[in-house]
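Taking it in order: structure first as structure tokens, then the write-up.
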Amino acid sequence: MGEVAIELALKFLAHDKFVRNDCYVVSVSGNAAASDTSIREESEFLSWMEASRGVIDNSLLSTFSSLPESETREVATYSCMSGGKRWRGLVALATAEIFGNTGAAVPVACAVELAHAASLLLDDLPSMDDAATRRGRPCAHLVYSRASVDMAAVFMINLAYEVLLKNRLAKPENCISSALASARVANRMLLGQEHDLTQLTGGTVSKKQALEVARCKTGELFGFAAEGAAIACGANELQINAFYKAGIRLGIAYQIADDLADRFGDPDALGKPTGMDGEKQCVGNVLSEAEAREAVRRLRESAVSKLAGFNSNSNRILQLIEHVKLPE
């Protein structure tokens with residue numbers, strides 16, 4: 001039968017194939033493993049999530065409206081402002097709260113959401129997943145010209161770089177560092193998409209292959225959300241690495257949980273259709289349900305461990321880790 005999923009996950013993650021280096025520190029006050037958050041704390045956290053999504057959405061709309069009108073801009077706006085949960089942007093803002101400089105992370109939050117929207121735009125194309133709907137609306141390639149859709153993906157990636165480089169609340173050298181880090185992550189996301197198309201379709205897919213695709217396609221952008229925010233806030237190299245690695249683990253856990261929700265979740269409770277992955281050999285389908293649940297638990301614990309030593313009055317990032325929910 002080979003290694004169980006979590007052993008593969010931890011072995012793969014511990015190898016840190018793409019890491020910047022092998023150093024990390026930190027400790028955030030609070031206990032991310034605690035699941036018995038008080039009703040008041042839970043309500044306050046959900047209010048923070050809603051308010052933070054509003055900050056991200058307003059910043060994105062302001063960015064789009066500052067650009068010349070074109071069908072490409074319209075496609076980008078249609079794709080990016082389609083009601084996503086903004087988890088990646090929230091990771092950036094939660095990280096910045098630890099450093100007491102949320103404003104510096106707003107451009108990072110916008111950049112990761114632009115990159116995410118661009119990846120979904122490409123993912124839906126007939127040459128990729130050939131999807132018909134996204135978040136309850138027709139996919140962009142069914143609404144706009146194919147040329148505009150193709151250009152909109154490039155447009156959003158370039159816009160993400162511009163937003164990072166024009167961050168007025170970060171030092172110029174940190175703006176450059178965050179843009180370079182985002183370019184690195186974009187290339188890894190492309191690698192993940194290539195593996196998705198070539199490795200996860202047909203034949204037998206190993207658990208390690210599925211985990212690697214989840215890392216590249218989802219984990220890396222979560223990792224950059226935390227890393228980029230730490231860079232913008234002036235964190236040192238050890239801290240930046242810690243948040244990058246915690247973000248990757250959070251991202252993979254999020255992807256596995258999302259895949260499980262697609263398999264076993266209640267559409268009414270989730271607010272979206274389930275069974276969309278079908279027979280696709282994504283990580284949530286390759287792992288057994290028990291393996292997937294254990295993997296999420298261990299990945300969450302591992303993410304928290306990367307942040308064990310960072311003293312802060314904010315525990316937003318730990319609350320986000322705790323809120324990677326599994327279907328009942």
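Residues in the structure tokens are numbered from 1 in each chain, the chains being A, B, ... in the order shown, and ligands are numbered from 1 in the order shown.
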* To do: as number ranges by chain, please: all residues of range 100-304 of chain A that backbone DSSP puts in helix (DSSP H, G or I).
  => A: 102-123, 140-142, 146-165, 172-199, 207-232, 237-264, 267-270, 283-286, 289-304
* Contacts of Ala170 in chain A at 8 Å (only C-alpha atoms; same-chain gap of 6+ positions) as a VMD selection string -> chain A and resid 104 232 to 234
* **Contacts of Ala152 in chain A at 9 Å (only C-alpha atoms; same-chain gap of 6+ positions) as a list in words** =>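 Those residues are Glu71, Thr72, Arg73, Glu74, Val75, Ala76, Ser79, Ala118 and Leu121 of chain A.
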* Could you pull the residues within 9 Å of range 87-91 of chain A, counting only C-alpha atoms, minus those fewer than 5 positions along the same chain, as JSON, numbers by chain? -> {"A": [49, 52, 53, 56, 96, 105, 106, 108, 109, 110, 111, 112, 113, 116, 221, 222, 223, 224, 225, 226, 229, 247, 251, 316, 317, 320]}
Export of the given selection (N, CA and C atoms) as an mmCIF file, in the first residue's frame:
data_model
loop_
_atom_site.group_PDB
_atom_site.id
_atom_site.type_symbol
_atom_site.label_atom_id
_atom_site.label_comp_id
_atom_site.auth_asym_id
_atom_site.auth_seq_id
_atom_site.Cartn_x
_atom_site.Cartn_y
_atom_site.Cartn_z
ATOM 1 N N MET A 49 -13.201 39.445 8.876
ATOM 2 C CA MET A 49 -13.109 38.865 7.536
ATOM 3 C C MET A 49 -13.949 39.660 6.541
ATOM 4 N N SER A 52 -12.394 43.083 5.948
ATOM 5 C CA SER A 52 -11.150 42.964 5.182
ATOM 6 C C SER A 52 -11.433 42.663 3.720
ATOM 7 N N ARG A 53 -12.439 41.837 3.466
ATOM 8 C CA ARG A 53 -12.834 41.597 2.074
ATOM 9 C C ARG A 53 -13.267 42.908 1.419
ATOM 10 N N ILE A 56 -10.191 44.882 0.445
ATOM 11 C CA ILE A 56 -9.565 44.316 -0.757
ATOM 12 C C ILE A 56 -10.388 44.648 -1.998
ATOM 13 N N ALA A 96 0.077 40.877 8.118
ATOM 14 C CA ALA A 96 0.491 42.260 8.381
ATOM 15 C C ALA A 96 0.048 42.740 9.752
ATOM 16 N N ALA A 105 0.163 45.894 3.523
ATOM 17 C CA ALA A 105 -0.168 44.598 2.923
ATOM 18 C C ALA A 105 -1.367 44.655 1.990
ATOM 19 N N VAL A 106 -2.080 45.781 1.947
ATOM 20 C CA VAL A 106 -3.242 45.864 1.051
ATOM 21 C C VAL A 106 -2.833 45.658 -0.407
ATOM 22 N N VAL A 108 -0.380 43.895 -1.463
ATOM 23 C CA VAL A 108 -0.054 42.466 -1.570
ATOM 24 C C VAL A 108 -1.338 41.653 -1.683
ATOM 25 N N ALA A 109 -2.327 41.994 -0.866
ATOM 26 C CA ALA A 109 -3.614 41.297 -0.919
ATOM 27 C C ALA A 109 -4.249 41.439 -2.298
ATOM 28 N N CYS A 110 -4.176 42.641 -2.861
ATOM 29 C CA CYS A 110 -4.726 42.857 -4.204
ATOM 30 C C CYS A 110 -3.948 42.060 -5.244
ATOM 31 N N ALA A 111 -2.632 42.043 -5.112
ATOM 32 C CA ALA A 111 -1.793 41.332 -6.081
ATOM 33 C C ALA A 111 -2.093 39.840 -6.087
ATOM 34 N N VAL A 112 -2.245 39.237 -4.907
ATOM 35 C CA VAL A 112 -2.507 37.792 -4.879
ATOM 36 C C VAL A 112 -3.896 37.481 -5.424
ATOM 37 N N GLU A 113 -4.846 38.383 -5.200
ATOM 38 C CA GLU A 113 -6.183 38.151 -5.747
ATOM 39 C C GLU A 113 -6.193 38.334 -7.265
ATOM 40 N N HIS A 116 -4.616 35.163 -8.563
ATOM 41 C CA HIS A 116 -5.569 34.057 -8.426
ATOM 42 C C HIS A 116 -6.644 34.135 -9.507
ATOM 43 N N LEU A 221 0.740 30.213 -3.785
ATOM 44 C CA LEU A 221 0.152 31.554 -3.748
ATOM 45 C C LEU A 221 -0.235 31.937 -2.319
ATOM 46 N N PHE A 222 -0.716 30.972 -1.540
ATOM 47 C CA PHE A 222 -0.939 31.230 -0.120
ATOM 48 C C PHE A 222 0.390 31.586 0.548
ATOM 49 N N GLY A 223 1.440 30.842 0.175
ATOM 50 C CA GLY A 223 2.753 31.124 0.736
ATOM 51 C C GLY A 223 3.212 32.530 0.422
ATOM 52 N N PHE A 224 2.997 32.960 -0.831
ATOM 53 C CA PHE A 224 3.399 34.319 -1.182
ATOM 54 C C PHE A 224 2.541 35.358 -0.475
ATOM 55 N N ALA A 225 1.262 35.078 -0.266
ATOM 56 C CA ALA A 225 0.404 36.040 0.431
ATOM 57 C C ALA A 225 1.002 36.398 1.789
ATOM 58 N N ALA A 226 1.458 35.370 2.521
ATOM 59 C CA ALA A 226 2.076 35.614 3.824
ATOM 60 C C ALA A 226 3.477 36.194 3.666
ATOM 61 N N ALA A 229 3.412 39.879 2.364
ATOM 62 C CA ALA A 229 3.004 40.810 3.412
ATOM 63 C C ALA A 229 4.138 41.035 4.405
ATOM 64 N N GLY A 247 2.345 29.641 5.136
ATOM 65 C CA GLY A 247 1.349 29.892 4.102
ATOM 66 C C GLY A 247 1.194 28.732 3.140
ATOM 67 N N GLY A 251 -2.179 26.698 2.563
ATOM 68 C CA GLY A 251 -2.761 26.602 1.229
ATOM 69 C C GLY A 251 -3.072 25.176 0.818
ATOM 70 N N ARG A 316 -4.830 36.808 14.131
ATOM 71 C CA ARG A 316 -5.671 36.630 12.946
ATOM 72 C C ARG A 316 -5.207 35.452 12.094
ATOM 73 N N ILE A 317 -3.903 35.352 11.882
ATOM 74 C CA ILE A 317 -3.401 34.289 11.013
ATOM 75 C C ILE A 317 -3.716 32.924 11.616
ATOM 76 N N LEU A 320 -7.326 32.180 10.963
ATOM 77 C CA LEU A 320 -7.523 31.729 9.585
ATOM 78 C C LEU A 320 -7.163 30.252 9.442
#
* Of the listed residues A:Asn174, A:Ser302, A:Thr102, A:Asn58, that which approaches Asn236 in chain A most closely, counting only C-alpha atoms ->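 Answer, going by the shortest atom-to-atom distance: A:Asn174.
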* **Test item: residues at most 10 Å from Leu142 in chain A, only C-alpha atoms, excluding those fewer than 6 positions along its chain, as a list in words** =>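 Near neighbours after the sequence-gap exclusion: Leu125, Pro126, Ala131, Ala132, Thr133 and Val149 of chain A.
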Using C-alpha atoms, can you export the residues from the last selection as a CSV table (one decimal), in the first residue's frame?
chain,number,residue,atom,x,y,z
A,125,LEU,CA,-10.5,27.9,-20.9
A,126,PRO,CA,-11.5,25.2,-23.4
A,131,ALA,CA,-15.5,25.0,-17.7
A,132,ALA,CA,-18.9,26.6,-18.3
A,133,THR,CA,-19.5,28.4,-15.0
A,149,VAL,CA,-9.9,36.7,-22.3
* Structure fact -> Judged by only C-alpha atoms, the minimum distance to Leu326 in chain A among A:Ile256, A:Ala308, A:Cys282, A:Ile231 is found for A:Ile256
* Asked: From the list A:Leu250, A:Val55, A:Leu46, A:Val163, which residue is nearest Pro107 in chain A when using only C-alpha atoms?
  ->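 Closest candidate: A:Val163.
The residue that comes closest to Leu191 in chain A, out of A:Glu44, A:Glu237, A:Glu220, A:Asp130 and on the basis of only C-alpha atoms, is A:Glu220.
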* Using only C-alpha atoms, which residue out of A:Gly228, A:Pro327, A:Gly83, A:Gly103 lies closest to Phe264 in chain A? ->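 Nearest candidate to Phe264 in chain A out of A:Gly228, A:Pro327, A:Gly83, A:Gly103: A:Pro327.
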* Who sits within 7 Å of range 214-219 of chain A, only C-alpha atoms, same chain under 5 positions skipped, as a list in words -> Arg188, Met189, Leu191, Gly192, Gln193, Gly247, Ile248, Arg249, Gly251, Ile252, Gln255 and Val283 of chain A
Could you dump the residues just selected with N, CA and C atoms as a JSON list (two decimals), in the first residue's frame?
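After the write, selection_7.json holds the following:
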[["chain", "number", "residue", "atom", "x", "y", "z"],
["A", 188, "ARG", "N", 5.83, 28.93, -10.55],
["A", 188, "ARG", "CA", 5.50, 27.65, -9.91],
["A", 188, "ARG", "C", 4.03, 27.29, -10.11],
["A", 189, "MET", "N", 3.18, 28.30, -10.13],
["A", 189, "MET", "CA", 1.77, 28.05, -10.41],
["A", 189, "MET", "C", 1.59, 27.50, -11.83],
["A", 191, "LEU", "N", 3.83, 25.79, -13.44],
["A", 191, "LEU", "CA", 4.31, 24.42, -13.38],
["A", 191, "LEU", "C", 3.24, 23.50, -12.82],
["A", 192, "GLY", "N", 2.54, 23.96, -11.79],
["A", 192, "GLY", "CA", 1.46, 23.17, -11.22],
["A", 192, "GLY", "C", 0.34, 22.92, -12.20],
["A", 193, "GLN", "N", 0.00, 23.95, -13.00],
["A", 193, "GLN", "CA", -1.05, 23.79, -14.01],
["A", 193, "GLN", "C", -0.62, 22.79, -15.08],
["A", 247, "GLY", "N", 2.35, 29.64, 5.14],
["A", 247, "GLY", "CA", 1.35, 29.89, 4.10],
["A", 247, "GLY", "C", 1.19, 28.73, 3.14],
["A", 248, "ILE", "N", 2.30, 28.11, 2.76],
["A", 248, "ILE", "CA", 2.23, 26.95, 1.87],
["A", 248, "ILE", "C", 1.42, 25.84, 2.51],
["A", 249, "ARG", "N", 1.69, 25.56, 3.77],
["A", 249, "ARG", "CA", 0.97, 24.49, 4.46],
["A", 249, "ARG", "C", -0.51, 24.82, 4.60],
["A", 251, "GLY", "N", -2.18, 26.70, 2.56],
["A", 251, "GLY", "CA", -2.76, 26.60, 1.23],
["A", 251, "GLY", "C", -3.07, 25.18, 0.82],
["A", 252, "ILE", "N", -2.16, 24.25, 1.11],
["A", 252, "ILE", "CA", -2.42, 22.85, 0.76],
["A", 252, "ILE", "C", -3.58, 22.30, 1.58],
["A", 255, "GLN", "N", -6.73, 23.55, 0.10],
["A", 255, "GLN", "CA", -7.10, 22.86, -1.14],
["A", 255, "GLN", "C", -7.68, 21.48, -0.87],
["A", 283, "VAL", "N", -5.99, 16.17, -5.40],
["A", 283, "VAL", "CA", -5.49, 15.61, -4.14],
["A", 283, "VAL", "C", -6.62, 15.10, -3.26]]
* Asked: What does the distance between CA of Gly136 in chain A and CA of Ala153 in chain A come to in Å, to one decimal place?
  -> 20.0 Å
* Could you pull out the strand (DSSP E or B) residues of range 96-252 of chain A from DSSP and send them as a PyMOL selection string? -> chain A and resi 133-134+137-138
Can you write out the residues you just picked, keeping all heavy atoms, as a short mmCIF file (atom, residue, chain, number, x, y, z; two decimals), in the first residue's frame?
data_model
loop_
_atom_site.label_atom_id
_atom_site.label_comp_id
_atom_site.auth_asym_id
_atom_site.auth_seq_id
_atom_site.Cartn_x
_atom_site.Cartn_y
_atom_site.Cartn_z
N THR A 133 -19.16 27.40 -16.00
CA THR A 133 -19.51 28.41 -15.00
C THR A 133 -18.40 28.55 -13.97
O THR A 133 -17.62 27.63 -13.73
CB THR A 133 -20.82 28.04 -14.26
OG1 THR A 133 -20.65 26.79 -13.58
CG2 THR A 133 -21.98 27.95 -15.23
N ARG A 134 -18.37 29.71 -13.36
CA ARG A 134 -17.44 29.99 -12.27
C ARG A 134 -18.17 30.88 -11.27
O ARG A 134 -18.64 31.94 -11.62
CB ARG A 134 -16.19 30.70 -12.81
CG ARG A 134 -15.25 31.29 -11.78
CD ARG A 134 -14.51 30.24 -11.00
NE ARG A 134 -13.58 29.45 -11.81
CZ ARG A 134 -12.79 28.50 -11.32
NH1 ARG A 134 -12.84 28.21 -10.02
NH2 ARG A 134 -11.99 27.81 -12.12
N ARG A 137 -21.66 32.10 -12.33
CA ARG A 137 -21.80 32.92 -13.54
C ARG A 137 -21.12 32.23 -14.71
O ARG A 137 -20.22 31.41 -14.50
CB ARG A 137 -21.16 34.30 -13.33
CG ARG A 137 -21.75 35.11 -12.19
CD ARG A 137 -21.36 36.57 -12.31
NE ARG A 137 -19.91 36.78 -12.32
CZ ARG A 137 -19.34 37.97 -12.48
NH1 ARG A 137 -20.09 39.05 -12.65
NH2 ARG A 137 -18.02 38.09 -12.46
N PRO A 138 -21.52 32.56 -15.94
CA PRO A 138 -20.82 31.99 -17.09
C PRO A 138 -19.35 32.36 -17.06
O PRO A 138 -18.98 33.48 -16.68
CB PRO A 138 -21.53 32.63 -18.29
CG PRO A 138 -22.86 33.05 -17.78
CD PRO A 138 -22.65 33.43 -16.35
#
* **Proximity to Gly100 in chain A - best of A:Leu260, A:Lys280, A:Glu301, A:Ala235, only C-alpha atoms** =>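 For Gly100 in chain A, the nearest of the candidates is A:Ala235.
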* Structure fact -> CA of Leu61 in chain A to CA of Asn187 in chain A measures 26.1 Å
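Reported to one decimal place, the separation of CA of Val286 in chain A from CA of Lys208 in chain A is 9.7 Å.
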